[in-house]
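Content type CSV, N, CA and C atoms, from the file work30.csv:
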chain,number,residue,atom,x,y,z
P,1,MET,N,43.1,-31.4,39.4
P,1,MET,CA,41.8,-31.8,38.8
P,1,MET,C,41.5,-30.9,37.6
P,2,LEU,N,41.8,-29.6,37.8
P,2,LEU,CA,41.5,-28.6,36.7
P,2,LEU,C,42.4,-28.9,35.5
P,3,LEU,N,43.6,-29.3,35.7
P,3,LEU,CA,44.5,-29.7,34.6
P,3,LEU,C,44.0,-30.9,33.9
P,4,ALA,N,43.6,-31.9,34.6
P,4,ALA,CA,43.0,-33.1,33.9
P,4,ALA,C,41.8,-32.8,33.1
P,5,ARG,N,40.9,-31.9,33.6
P,5,ARG,CA,39.7,-31.6,32.9
P,5,ARG,C,40.0,-30.8,31.7
P,6,GLY,N,41.0,-29.9,31.8
P,6,GLY,CA,41.4,-29.1,30.6
P,6,GLY,C,42.0,-30.0,29.5
P,7,ILE,N,42.8,-30.9,29.9
P,7,ILE,CA,43.4,-31.8,28.9
P,7,ILE,C,42.3,-32.7,28.3
P,8,ALA,N,41.4,-33.2,29.1
P,8,ALA,CA,40.3,-34.0,28.6
P,8,ALA,C,39.4,-33.2,27.7
P,9,LEU,N,39.1,-32.0,28.0
P,9,LEU,CA,38.3,-31.1,27.1
P,9,LEU,C,39.0,-30.9,25.8
P,10,ARG,N,40.3,-30.7,25.8
P,10,ARG,CA,41.0,-30.4,24.6
P,10,ARG,C,41.0,-31.7,23.7
P,11,ILE,N,41.1,-32.9,24.3
P,11,ILE,CA,41.1,-34.1,23.5
P,11,ILE,C,39.7,-34.3,23.0
P,12,LEU,N,38.6,-34.0,23.7
P,12,LEU,CA,37.3,-34.1,23.3
P,12,LEU,C,37.0,-33.2,22.1
P,13,VAL,N,37.5,-32.0,22.2
P,13,VAL,CA,37.3,-31.0,21.1
P,13,VAL,C,38.1,-31.6,19.8
P,14,PHE,N,39.2,-32.1,20.0
P,14,PHE,CA,40.0,-32.7,18.9
P,14,PHE,C,39.2,-33.8,18.2
P,15,ILE,N,38.5,-34.6,18.9
P,15,ILE,CA,37.8,-35.7,18.4
P,15,ILE,C,36.6,-35.3,17.5
P,16,PHE,N,35.9,-34.2,18.0
P,16,PHE,CA,34.7,-33.9,17.3
P,16,PHE,C,34.8,-32.6,16.4
P,17,LEU,N,35.8,-31.8,16.6
P,17,LEU,CA,35.9,-30.6,15.8
P,17,LEU,C,36.6,-30.9,14.5
P,18,ALA,N,36.0,-30.3,13.4
P,18,ALA,CA,36.6,-30.4,12.1
P,18,ALA,C,37.9,-29.6,12.1
P,19,PRO,N,38.9,-30.1,11.3
P,19,PRO,CA,40.2,-29.3,11.4
P,19,PRO,C,40.1,-27.9,10.8
P,20,LEU,N,39.2,-27.7,9.9
P,20,LEU,CA,39.1,-26.3,9.3
P,20,LEU,C,37.9,-25.6,9.8
P,21,ASN,N,38.1,-24.3,10.0
P,21,ASN,CA,36.9,-23.4,10.4
P,21,ASN,C,36.8,-22.3,9.3
P,22,ASN,N,36.4,-21.2,9.7
P,22,ASN,CA,36.2,-20.1,8.7
P,22,ASN,C,37.5,-19.6,8.1
P,23,ASP,N,38.6,-19.8,8.8
P,23,ASP,CA,39.9,-19.3,8.3
P,23,ASP,C,40.7,-20.5,7.6
P,24,VAL,N,40.3,-20.8,6.4
P,24,VAL,CA,41.0,-21.8,5.6
P,24,VAL,C,42.4,-21.2,5.1
P,25,GLY,N,42.6,-20.0,5.3
P,25,GLY,CA,43.8,-19.3,4.9
P,25,GLY,C,45.0,-19.9,5.6
P,26,HIS,N,44.9,-20.4,6.8
P,26,HIS,CA,46.0,-21.0,7.6
P,26,HIS,C,46.5,-22.2,6.9
P,27,LEU,N,45.6,-23.1,6.5
P,27,LEU,CA,46.0,-24.3,5.8
P,27,LEU,C,46.6,-24.0,4.4
P,28,ASP,N,46.1,-22.9,3.8
P,28,ASP,CA,46.8,-22.5,2.5
P,28,ASP,C,48.2,-22.1,2.7
P,29,VAL,N,48.6,-21.5,3.7
P,29,VAL,CA,50.0,-21.1,4.0
P,29,VAL,C,50.8,-22.4,4.3
P,30,ILE,N,50.2,-23.3,5.0
P,30,ILE,CA,50.9,-24.6,5.3
P,30,ILE,C,51.1,-25.4,4.0
P,31,LYS,N,50.1,-25.4,3.1
P,31,LYS,CA,50.2,-26.1,1.9
P,31,LYS,C,51.3,-25.5,1.0
P,32,TYR,N,51.4,-24.2,1.0
P,32,TYR,CA,52.4,-23.5,0.2
P,32,TYR,C,53.8,-23.9,0.7
P,33,ILE,N,53.9,-23.9,2.0
P,33,ILE,CA,55.3,-24.3,2.6
P,33,ILE,C,55.6,-25.7,2.2
P,34,VAL,N,54.7,-26.6,2.2
P,34,VAL,CA,54.9,-28.0,1.9
P,34,VAL,C,55.3,-28.1,0.4
P,35,ALA,N,54.6,-27.4,-0.5
P,35,ALA,CA,54.8,-27.5,-1.9
P,35,ALA,C,56.1,-26.8,-2.4
P,36,HIS,N,56.4,-25.6,-1.8
P,36,HIS,CA,57.5,-24.8,-2.2
P,36,HIS,C,58.7,-24.8,-1.3
P,37,HIS,N,58.6,-25.4,-0.2
P,37,HIS,CA,59.7,-25.5,0.8
P,37,HIS,C,60.2,-24.1,1.1
P,38,ALA,N,59.3,-23.1,1.2
P,38,ALA,CA,59.7,-21.7,1.5
P,38,ALA,C,58.4,-21.1,2.0
P,39,LEU,N,58.7,-19.9,2.7
P,39,LEU,CA,57.5,-19.1,3.2
P,39,LEU,C,57.0,-18.3,2.1
P,40,PRO,N,55.6,-18.1,2.0
P,40,PRO,CA,55.1,-17.3,1.0
P,40,PRO,C,55.3,-15.8,1.4
P,41,SER,N,55.2,-14.9,0.4
P,41,SER,CA,55.4,-13.5,0.7
P,41,SER,C,54.1,-13.0,1.5
P,42,VAL,N,54.3,-12.0,2.2
P,42,VAL,CA,53.2,-11.5,3.0
P,42,VAL,C,52.0,-11.1,2.2
P,43,THR,N,52.1,-10.8,1.0
P,43,THR,CA,50.9,-10.4,0.2
P,43,THR,C,50.4,-11.6,-0.6
P,44,ALA,N,50.9,-12.8,-0.4
P,44,ALA,CA,50.5,-13.9,-1.3
P,44,ALA,C,49.1,-14.5,-0.9
P,45,GLY,N,48.7,-14.3,0.4
P,45,GLY,CA,47.4,-14.8,0.8
P,45,GLY,C,46.9,-14.1,2.0
P,46,GLN,N,45.7,-14.6,2.4
P,46,GLN,CA,44.9,-14.0,3.4
P,46,GLN,C,45.6,-14.0,4.8
P,47,MET,N,46.3,-15.1,5.1
P,47,MET,CA,46.9,-15.3,6.4
P,47,MET,C,48.4,-15.3,6.4
P,48,CYS,N,49.0,-14.8,5.3
P,48,CYS,CA,50.5,-14.8,5.2
P,48,CYS,C,51.2,-13.8,6.1
P,49,PHE,N,50.4,-12.9,6.7
P,49,PHE,CA,51.0,-11.9,7.5
P,49,PHE,C,51.3,-12.4,8.9
P,50,GLN,N,50.7,-13.6,9.3
P,50,GLN,CA,50.9,-14.2,10.6
P,50,GLN,C,52.4,-14.6,10.8
P,51,PRO,N,52.8,-14.6,12.1
P,51,PRO,CA,54.2,-15.1,12.4
P,51,PRO,C,54.3,-16.5,11.9
P,52,PRO,N,55.4,-16.9,11.3
P,52,PRO,CA,55.5,-18.2,10.6
P,52,PRO,C,55.9,-19.4,11.5
P,53,LEU,N,56.1,-19.2,12.7
P,53,LEU,CA,56.6,-20.4,13.5
P,53,LEU,C,55.6,-21.6,13.5
P,54,TYR,N,54.4,-21.3,13.8
P,54,TYR,CA,53.4,-22.4,13.8
P,54,TYR,C,53.3,-23.0,12.4
P,55,TYR,N,53.3,-22.2,11.3
P,55,TYR,CA,53.3,-22.8,10.0
P,55,TYR,C,54.5,-23.7,9.7
P,56,LEU,N,55.6,-23.3,10.1
P,56,LEU,CA,56.9,-24.1,9.9
P,56,LEU,C,56.8,-25.4,10.7
P,57,LEU,N,56.2,-25.3,11.9
P,57,LEU,CA,56.1,-26.5,12.7
P,57,LEU,C,55.0,-27.5,12.1
P,58,ALA,N,53.9,-26.9,11.5
P,58,ALA,CA,52.8,-27.6,11.0
P,58,ALA,C,53.1,-28.3,9.6
P,59,ALA,N,54.0,-27.7,8.9
P,59,ALA,CA,54.2,-28.2,7.5
P,59,ALA,C,54.6,-29.6,7.5
P,60,PRO,N,55.5,-30.1,8.3
P,60,PRO,CA,55.9,-31.5,8.3
P,60,PRO,C,54.7,-32.4,8.6
P,61,PHE,N,53.8,-32.0,9.5
P,61,PHE,CA,52.6,-32.8,9.9
P,61,PHE,C,51.7,-32.9,8.6
P,62,ARG,N,51.6,-31.8,7.9
P,62,ARG,CA,50.7,-31.8,6.7
P,62,ARG,C,51.4,-32.7,5.6
P,63,ASP,N,52.7,-32.6,5.5
P,63,ASP,CA,53.4,-33.4,4.5
P,63,ASP,C,53.3,-34.9,4.8
P,64,ILE,N,53.5,-35.3,6.1
P,64,ILE,CA,53.5,-36.7,6.4
P,64,ILE,C,52.0,-37.3,6.3
P,65,THR,N,51.1,-36.6,6.9
P,65,THR,CA,49.7,-37.1,6.9
P,65,THR,C,48.9,-36.8,5.6
P,66,GLY,N,49.2,-35.7,4.9
P,66,GLY,CA,48.5,-35.4,3.7
P,66,GLY,C,47.2,-34.8,3.9
P,67,ASN,N,46.8,-34.5,5.2
P,67,ASN,CA,45.5,-33.9,5.4
P,67,ASN,C,45.6,-32.9,6.5
P,68,ALA,N,44.5,-32.2,6.7
P,68,ALA,CA,44.4,-31.1,7.7
P,68,ALA,C,44.3,-31.7,9.1
P,69,LYS,N,43.8,-32.9,9.3
P,69,LYS,CA,43.7,-33.5,10.6
P,69,LYS,C,45.1,-33.8,11.2
P,70,GLY,N,46.1,-34.0,10.4
P,70,GLY,CA,47.4,-34.1,10.9
P,70,GLY,C,47.9,-32.8,11.5
P,71,VAL,N,47.6,-31.7,10.9
P,71,VAL,CA,47.9,-30.4,11.4
P,71,VAL,C,47.2,-30.2,12.7
P,72,GLN,N,46.0,-30.7,12.8
P,72,GLN,CA,45.2,-30.5,14.0
P,72,GLN,C,45.8,-31.3,15.2
P,73,ILE,N,46.5,-32.4,14.9
P,73,ILE,CA,47.3,-33.2,15.9
P,73,ILE,C,48.3,-32.3,16.5
P,74,LEU,N,49.0,-31.5,15.7
P,74,LEU,CA,50.0,-30.6,16.3
P,74,LEU,C,49.4,-29.6,17.2
P,75,SER,N,48.2,-29.1,16.8
P,75,SER,CA,47.5,-28.1,17.6
P,75,SER,C,47.1,-28.7,19.0
P,76,LEU,N,46.7,-30.0,18.9
P,76,LEU,CA,46.4,-30.7,20.2
P,76,LEU,C,47.6,-30.8,21.1
P,77,VAL,N,48.7,-31.3,20.5
P,77,VAL,CA,49.9,-31.4,21.3
P,77,VAL,C,50.4,-30.1,21.9
P,78,LEU,N,50.4,-29.1,21.1
P,78,LEU,CA,50.8,-27.8,21.6
P,78,LEU,C,49.9,-27.2,22.6
P,79,SER,N,48.6,-27.4,22.5
P,79,SER,CA,47.7,-26.9,23.5
P,79,SER,C,47.8,-27.7,24.8
P,80,ILE,N,48.0,-29.0,24.7
P,80,ILE,CA,48.2,-29.7,26.0
P,80,ILE,C,49.5,-29.3,26.7
P,81,PHE,N,50.6,-29.1,25.9
P,81,PHE,CA,51.8,-28.6,26.5
P,81,PHE,C,51.7,-27.2,27.1
P,82,THR,N,50.8,-26.4,26.5
P,82,THR,CA,50.5,-25.1,27.0
P,82,THR,C,49.8,-25.2,28.4
P,83,LEU,N,48.9,-26.1,28.5
P,83,LEU,CA,48.2,-26.3,29.7
P,83,LEU,C,49.1,-26.8,30.8
P,84,LEU,N,50.0,-27.7,30.4
P,84,LEU,CA,51.0,-28.2,31.4
P,84,LEU,C,52.0,-27.1,31.8
P,85,ALA,N,52.4,-26.2,30.9
P,85,ALA,CA,53.3,-25.1,31.2
P,85,ALA,C,52.6,-24.2,32.2
P,86,PHE,N,51.3,-23.8,31.9
P,86,PHE,CA,50.6,-23.0,32.8
P,86,PHE,C,50.4,-23.6,34.2
P,87,TYR,N,50.1,-24.9,34.2
P,87,TYR,CA,50.0,-25.6,35.5
P,87,TYR,C,51.3,-25.5,36.3
P,88,ARG,N,52.4,-25.7,35.6
P,88,ARG,CA,53.7,-25.7,36.3
P,88,ARG,C,54.0,-24.3,36.8
P,89,LEU,N,53.7,-23.3,36.0
P,89,LEU,CA,54.0,-21.9,36.4
P,89,LEU,C,53.1,-21.5,37.5
P,90,LEU,N,51.9,-21.9,37.5
P,90,LEU,CA,51.0,-21.4,38.5
P,90,LEU,C,51.0,-22.2,39.8
P,91,TYR,N,51.2,-23.5,39.7
P,91,TYR,CA,51.1,-24.3,40.9
P,91,TYR,C,52.4,-24.9,41.4
P,92,ARG,N,53.4,-25.1,40.5
P,92,ARG,CA,54.6,-25.7,41.0
P,92,ARG,C,55.7,-24.7,41.3
P,93,GLU,N,55.7,-23.6,40.6
P,93,GLU,CA,56.7,-22.5,40.8
P,93,GLU,C,56.2,-21.5,41.8
P,94,ASN,N,55.0,-21.7,42.3
P,94,ASN,CA,54.5,-20.7,43.3
P,94,ASN,C,54.4,-19.3,42.8
P,95,THR,N,53.9,-19.1,41.5
P,95,THR,CA,53.8,-17.8,41.0
P,95,THR,C,52.4,-17.2,41.2
P,96,LEU,N,51.6,-17.9,41.9
P,96,LEU,CA,50.2,-17.4,42.1
P,96,LEU,C,50.4,-16.2,43.1
P,97,LEU,N,49.6,-15.2,42.8
P,97,LEU,CA,49.6,-14.0,43.7
P,97,LEU,C,48.4,-14.1,44.6
P,98,TYR,N,48.6,-14.1,45.9
P,98,TYR,CA,47.5,-14.2,46.9
P,98,TYR,C,47.0,-12.9,47.3

The structure in this file should be written as structure tokens.
Amino acid sequence: MLLARGIALRILVFIFLAPLNNDVGHLDVIKYIVAHHALPSVTAGQMCFQPPLYYLLAAPFRDITGNAKGVQILSLVLSIFTLLAFYRLLYRENTLLY
């Protein structure tokens, strides 16, 4: 039940939340990767110091859709997979400590 509510909440947030918040620097890094097919230098922008895995995964979504909502789709999918992984670790693998 908790898993279903978590997934439903994440989908609800996706529907109503704008893809950008105060940190537009994340999208700038993704745009750079799409335009130059390379990672920016660490000093090139506000968020360039972040680990690049998410940006590398998000760049094709930005390239295909052409907007930030496409990148937000990736965030939705990754967050649902994270909830499913936590569910499996906690309830299926008996990793709960009693």

Would you tabulate, counting only C-alpha atoms, all residues of range 39-92 of chain P that have an atom at most 7 Å from an atom of range 7-26 of chain P, showing the closest pair of atoms and their distance in Å to one decimal, sorted by chain then ascending number, as JSON lines?
{"residue": "P:Gln46", "atom": "CA", "partner": "P:Gly25", "partner_atom": "CA", "distance": 5.6}
{"residue": "P:Met47", "atom": "CA", "partner": "P:Gly25", "partner_atom": "CA", "distance": 5.3}
{"residue": "P:Ala68", "atom": "CA", "partner": "P:Pro19", "partner_atom": "CA", "distance": 5.9}
{"residue": "P:Lys69", "atom": "CA", "partner": "P:Pro19", "partner_atom": "CA", "distance": 5.5}
{"residue": "P:Gln72", "atom": "CA", "partner": "P:Pro19", "partner_atom": "CA", "distance": 5.8}
{"residue": "P:Leu76", "atom": "CA", "partner": "P:Phe14", "partner_atom": "CA", "distance": 6.8}
{"residue": "P:Ile80", "atom": "CA", "partner": "P:Ile7", "partner_atom": "CA", "distance": 6.0}

Produce a file of the selected residues containing N, CA and C atoms, as a JSON list (two decimals), in the frame of the given file.
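What follows is the written file again_21.json:
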[["chain", "number", "residue", "atom", "x", "y", "z"],
["P", 46, "GLN", "N", 45.70, -14.60, 2.40],
["P", 46, "GLN", "CA", 44.90, -14.00, 3.40],
["P", 46, "GLN", "C", 45.60, -14.00, 4.80],
["P", 47, "MET", "N", 46.30, -15.10, 5.10],
["P", 47, "MET", "CA", 46.90, -15.30, 6.40],
["P", 47, "MET", "C", 48.40, -15.30, 6.40],
["P", 68, "ALA", "N", 44.50, -32.20, 6.70],
["P", 68, "ALA", "CA", 44.40, -31.10, 7.70],
["P", 68, "ALA", "C", 44.30, -31.70, 9.10],
["P", 69, "LYS", "N", 43.80, -32.90, 9.30],
["P", 69, "LYS", "CA", 43.70, -33.50, 10.60],
["P", 69, "LYS", "C", 45.10, -33.80, 11.20],
["P", 72, "GLN", "N", 46.00, -30.70, 12.80],
["P", 72, "GLN", "CA", 45.20, -30.50, 14.00],
["P", 72, "GLN", "C", 45.80, -31.30, 15.20],
["P", 76, "LEU", "N", 46.70, -30.00, 18.90],
["P", 76, "LEU", "CA", 46.40, -30.70, 20.20],
["P", 76, "LEU", "C", 47.60, -30.80, 21.10],
["P", 80, "ILE", "N", 48.00, -29.00, 24.70],
["P", 80, "ILE", "CA", 48.20, -29.70, 26.00],
["P", 80, "ILE", "C", 49.50, -29.30, 26.70]]

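Ranking P:Ala58, P:Leu84, P:Ile73, P:Leu90 by their shortest atom-to-atom distance to Leu3 in chain P, with only C-alpha atoms included, puts P:Leu84 first.
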
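Take atom N of Gln50 in chain P and atom C of Ala38 in chain P: the distance between them is 13.0 Å.
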
Residues of chain P in helix (DSSP H, G or I) according to DSSP, as a short mmCIF file (atom, residue, chain, number, x, y, z; two decimals) with N, CA and C atoms, in the frame of the given file?
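Generated file (result.cif):
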data_model
loop_
_atom_site.label_atom_id
_atom_site.label_comp_id
_atom_site.auth_asym_id
_atom_site.auth_seq_id
_atom_site.Cartn_x
_atom_site.Cartn_y
_atom_site.Cartn_z
N LEU P 2 41.80 -29.60 37.80
CA LEU P 2 41.50 -28.60 36.70
C LEU P 2 42.40 -28.90 35.50
N LEU P 3 43.60 -29.30 35.70
CA LEU P 3 44.50 -29.70 34.60
C LEU P 3 44.00 -30.90 33.90
N ALA P 4 43.60 -31.90 34.60
CA ALA P 4 43.00 -33.10 33.90
C ALA P 4 41.80 -32.80 33.10
N ARG P 5 40.90 -31.90 33.60
CA ARG P 5 39.70 -31.60 32.90
C ARG P 5 40.00 -30.80 31.70
N GLY P 6 41.00 -29.90 31.80
CA GLY P 6 41.40 -29.10 30.60
C GLY P 6 42.00 -30.00 29.50
N ILE P 7 42.80 -30.90 29.90
CA ILE P 7 43.40 -31.80 28.90
C ILE P 7 42.30 -32.70 28.30
N ALA P 8 41.40 -33.20 29.10
CA ALA P 8 40.30 -34.00 28.60
C ALA P 8 39.40 -33.20 27.70
N LEU P 9 39.10 -32.00 28.00
CA LEU P 9 38.30 -31.10 27.10
C LEU P 9 39.00 -30.90 25.80
N ARG P 10 40.30 -30.70 25.80
CA ARG P 10 41.00 -30.40 24.60
C ARG P 10 41.00 -31.70 23.70
N ILE P 11 41.10 -32.90 24.30
CA ILE P 11 41.10 -34.10 23.50
C ILE P 11 39.70 -34.30 23.00
N LEU P 12 38.60 -34.00 23.70
CA LEU P 12 37.30 -34.10 23.30
C LEU P 12 37.00 -33.20 22.10
N VAL P 13 37.50 -32.00 22.20
CA VAL P 13 37.30 -31.00 21.10
C VAL P 13 38.10 -31.60 19.80
N PHE P 14 39.20 -32.10 20.00
CA PHE P 14 40.00 -32.70 18.90
C PHE P 14 39.20 -33.80 18.20
N ILE P 15 38.50 -34.60 18.90
CA ILE P 15 37.80 -35.70 18.40
C ILE P 15 36.60 -35.30 17.50
N PHE P 16 35.90 -34.20 18.00
CA PHE P 16 34.70 -33.90 17.30
C PHE P 16 34.80 -32.60 16.40
N GLY P 25 42.60 -20.00 5.30
CA GLY P 25 43.80 -19.30 4.90
C GLY P 25 45.00 -19.90 5.60
N HIS P 26 44.90 -20.40 6.80
CA HIS P 26 46.00 -21.00 7.60
C HIS P 26 46.50 -22.20 6.90
N LEU P 27 45.60 -23.10 6.50
CA LEU P 27 46.00 -24.30 5.80
C LEU P 27 46.60 -24.00 4.40
N ASP P 28 46.10 -22.90 3.80
CA ASP P 28 46.80 -22.50 2.50
C ASP P 28 48.20 -22.10 2.70
N VAL P 29 48.60 -21.50 3.70
CA VAL P 29 50.00 -21.10 4.00
C VAL P 29 50.80 -22.40 4.30
N ILE P 30 50.20 -23.30 5.00
CA ILE P 30 50.90 -24.60 5.30
C ILE P 30 51.10 -25.40 4.00
N LYS P 31 50.10 -25.40 3.10
CA LYS P 31 50.20 -26.10 1.90
C LYS P 31 51.30 -25.50 1.00
N TYR P 32 51.40 -24.20 1.00
CA TYR P 32 52.40 -23.50 0.20
C TYR P 32 53.80 -23.90 0.70
N ILE P 33 53.90 -23.90 2.00
CA ILE P 33 55.30 -24.30 2.60
C ILE P 33 55.60 -25.70 2.20
N VAL P 34 54.70 -26.60 2.20
CA VAL P 34 54.90 -28.00 1.90
C VAL P 34 55.30 -28.10 0.40
N ALA P 35 54.60 -27.40 -0.50
CA ALA P 35 54.80 -27.50 -1.90
C ALA P 35 56.10 -26.80 -2.40
N HIS P 36 56.40 -25.60 -1.80
CA HIS P 36 57.50 -24.80 -2.20
C HIS P 36 58.70 -24.80 -1.30
N LEU P 53 56.10 -19.20 12.70
CA LEU P 53 56.60 -20.40 13.50
C LEU P 53 55.60 -21.60 13.50
N TYR P 54 54.40 -21.30 13.80
CA TYR P 54 53.40 -22.40 13.80
C TYR P 54 53.30 -23.00 12.40
N TYR P 55 53.30 -22.20 11.30
CA TYR P 55 53.30 -22.80 10.00
C TYR P 55 54.50 -23.70 9.70
N LEU P 56 55.60 -23.30 10.10
CA LEU P 56 56.90 -24.10 9.90
C LEU P 56 56.80 -25.40 10.70
N LEU P 57 56.20 -25.30 11.90
CA LEU P 57 56.10 -26.50 12.70
C LEU P 57 55.00 -27.50 12.10
N ALA P 58 53.90 -26.90 11.50
CA ALA P 58 52.80 -27.60 11.00
C ALA P 58 53.10 -28.30 9.60
N ALA P 59 54.00 -27.70 8.90
CA ALA P 59 54.20 -28.20 7.50
C ALA P 59 54.60 -29.60 7.50
N PRO P 60 55.50 -30.10 8.30
CA PRO P 60 55.90 -31.50 8.30
C PRO P 60 54.70 -32.40 8.60
N PHE P 61 53.80 -32.00 9.50
CA PHE P 61 52.60 -32.80 9.90
C PHE P 61 51.70 -32.90 8.60
N ARG P 62 51.60 -31.80 7.90
CA ARG P 62 50.70 -31.80 6.70
C ARG P 62 51.40 -32.70 5.60
N ASP P 63 52.70 -32.60 5.50
CA ASP P 63 53.40 -33.40 4.50
C ASP P 63 53.30 -34.90 4.80
N ILE P 64 53.50 -35.30 6.10
CA ILE P 64 53.50 -36.70 6.40
C ILE P 64 52.00 -37.30 6.30
N THR P 65 51.10 -36.60 6.90
CA THR P 65 49.70 -37.10 6.90
C THR P 65 48.90 -36.80 5.60
N ALA P 68 44.50 -32.20 6.70
CA ALA P 68 44.40 -31.10 7.70
C ALA P 68 44.30 -31.70 9.10
N LYS P 69 43.80 -32.90 9.30
CA LYS P 69 43.70 -33.50 10.60
C LYS P 69 45.10 -33.80 11.20
N GLY P 70 46.10 -34.00 10.40
CA GLY P 70 47.40 -34.10 10.90
C GLY P 70 47.90 -32.80 11.50
N VAL P 71 47.60 -31.70 10.90
CA VAL P 71 47.90 -30.40 11.40
C VAL P 71 47.20 -30.20 12.70
N GLN P 72 46.00 -30.70 12.80
CA GLN P 72 45.20 -30.50 14.00
C GLN P 72 45.80 -31.30 15.20
N ILE P 73 46.50 -32.40 14.90
CA ILE P 73 47.30 -33.20 15.90
C ILE P 73 48.30 -32.30 16.50
N LEU P 74 49.00 -31.50 15.70
CA LEU P 74 50.00 -30.60 16.30
C LEU P 74 49.40 -29.60 17.20
N SER P 75 48.20 -29.10 16.80
CA SER P 75 47.50 -28.10 17.60
C SER P 75 47.10 -28.70 19.00
N LEU P 76 46.70 -30.00 18.90
CA LEU P 76 46.40 -30.70 20.20
C LEU P 76 47.60 -30.80 21.10
N VAL P 77 48.70 -31.30 20.50
CA VAL P 77 49.90 -31.40 21.30
C VAL P 77 50.40 -30.10 21.90
N LEU P 78 50.40 -29.10 21.10
CA LEU P 78 50.80 -27.80 21.60
C LEU P 78 49.90 -27.20 22.60
N SER P 79 48.60 -27.40 22.50
CA SER P 79 47.70 -26.90 23.50
C SER P 79 47.80 -27.70 24.80
N ILE P 80 48.00 -29.00 24.70
CA ILE P 80 48.20 -29.70 26.00
C ILE P 80 49.50 -29.30 26.70
N PHE P 81 50.60 -29.10 25.90
CA PHE P 81 51.80 -28.60 26.50
C PHE P 81 51.70 -27.20 27.10
N THR P 82 50.80 -26.40 26.50
CA THR P 82 50.50 -25.10 27.00
C THR P 82 49.80 -25.20 28.40
N LEU P 83 48.90 -26.10 28.50
CA LEU P 83 48.20 -26.30 29.70
C LEU P 83 49.10 -26.80 30.80
N LEU P 84 50.00 -27.70 30.40
CA LEU P 84 51.00 -28.20 31.40
C LEU P 84 52.00 -27.10 31.80
N ALA P 85 52.40 -26.20 30.90
CA ALA P 85 53.30 -25.10 31.20
C ALA P 85 52.60 -24.20 32.20
N PHE P 86 51.30 -23.80 31.90
CA PHE P 86 50.60 -23.00 32.80
C PHE P 86 50.40 -23.60 34.20
N TYR P 87 50.10 -24.90 34.20
CA TYR P 87 50.00 -25.60 35.50
C TYR P 87 51.30 -25.50 36.30
N ARG P 88 52.40 -25.70 35.60
CA ARG P 88 53.70 -25.70 36.30
C ARG P 88 54.00 -24.30 36.80
N LEU P 89 53.70 -23.30 36.00
CA LEU P 89 54.00 -21.90 36.40
C LEU P 89 53.10 -21.50 37.50
N LEU P 90 51.90 -21.90 37.50
CA LEU P 90 51.00 -21.40 38.50
C LEU P 90 51.00 -22.20 39.80
N TYR P 91 51.20 -23.50 39.70
CA TYR P 91 51.10 -24.30 40.90
C TYR P 91 52.40 -24.90 41.40
N ARG P 92 53.40 -25.10 40.50
CA ARG P 92 54.60 -25.70 41.00
C ARG P 92 55.70 -24.70 41.30
#

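Take atom C of Thr43 in chain P and atom C of Ile30 in chain P: the distance between them is 14.6 Å.
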
### Task
Fewer than 5 positions away in the same chain doesn't count, so skip those; otherwise give me all residues within 6 Å of Phe61 in chain P, counting all atoms listed in the file, as a list in words.
Gly66, Gly70 and Val71 of chain P
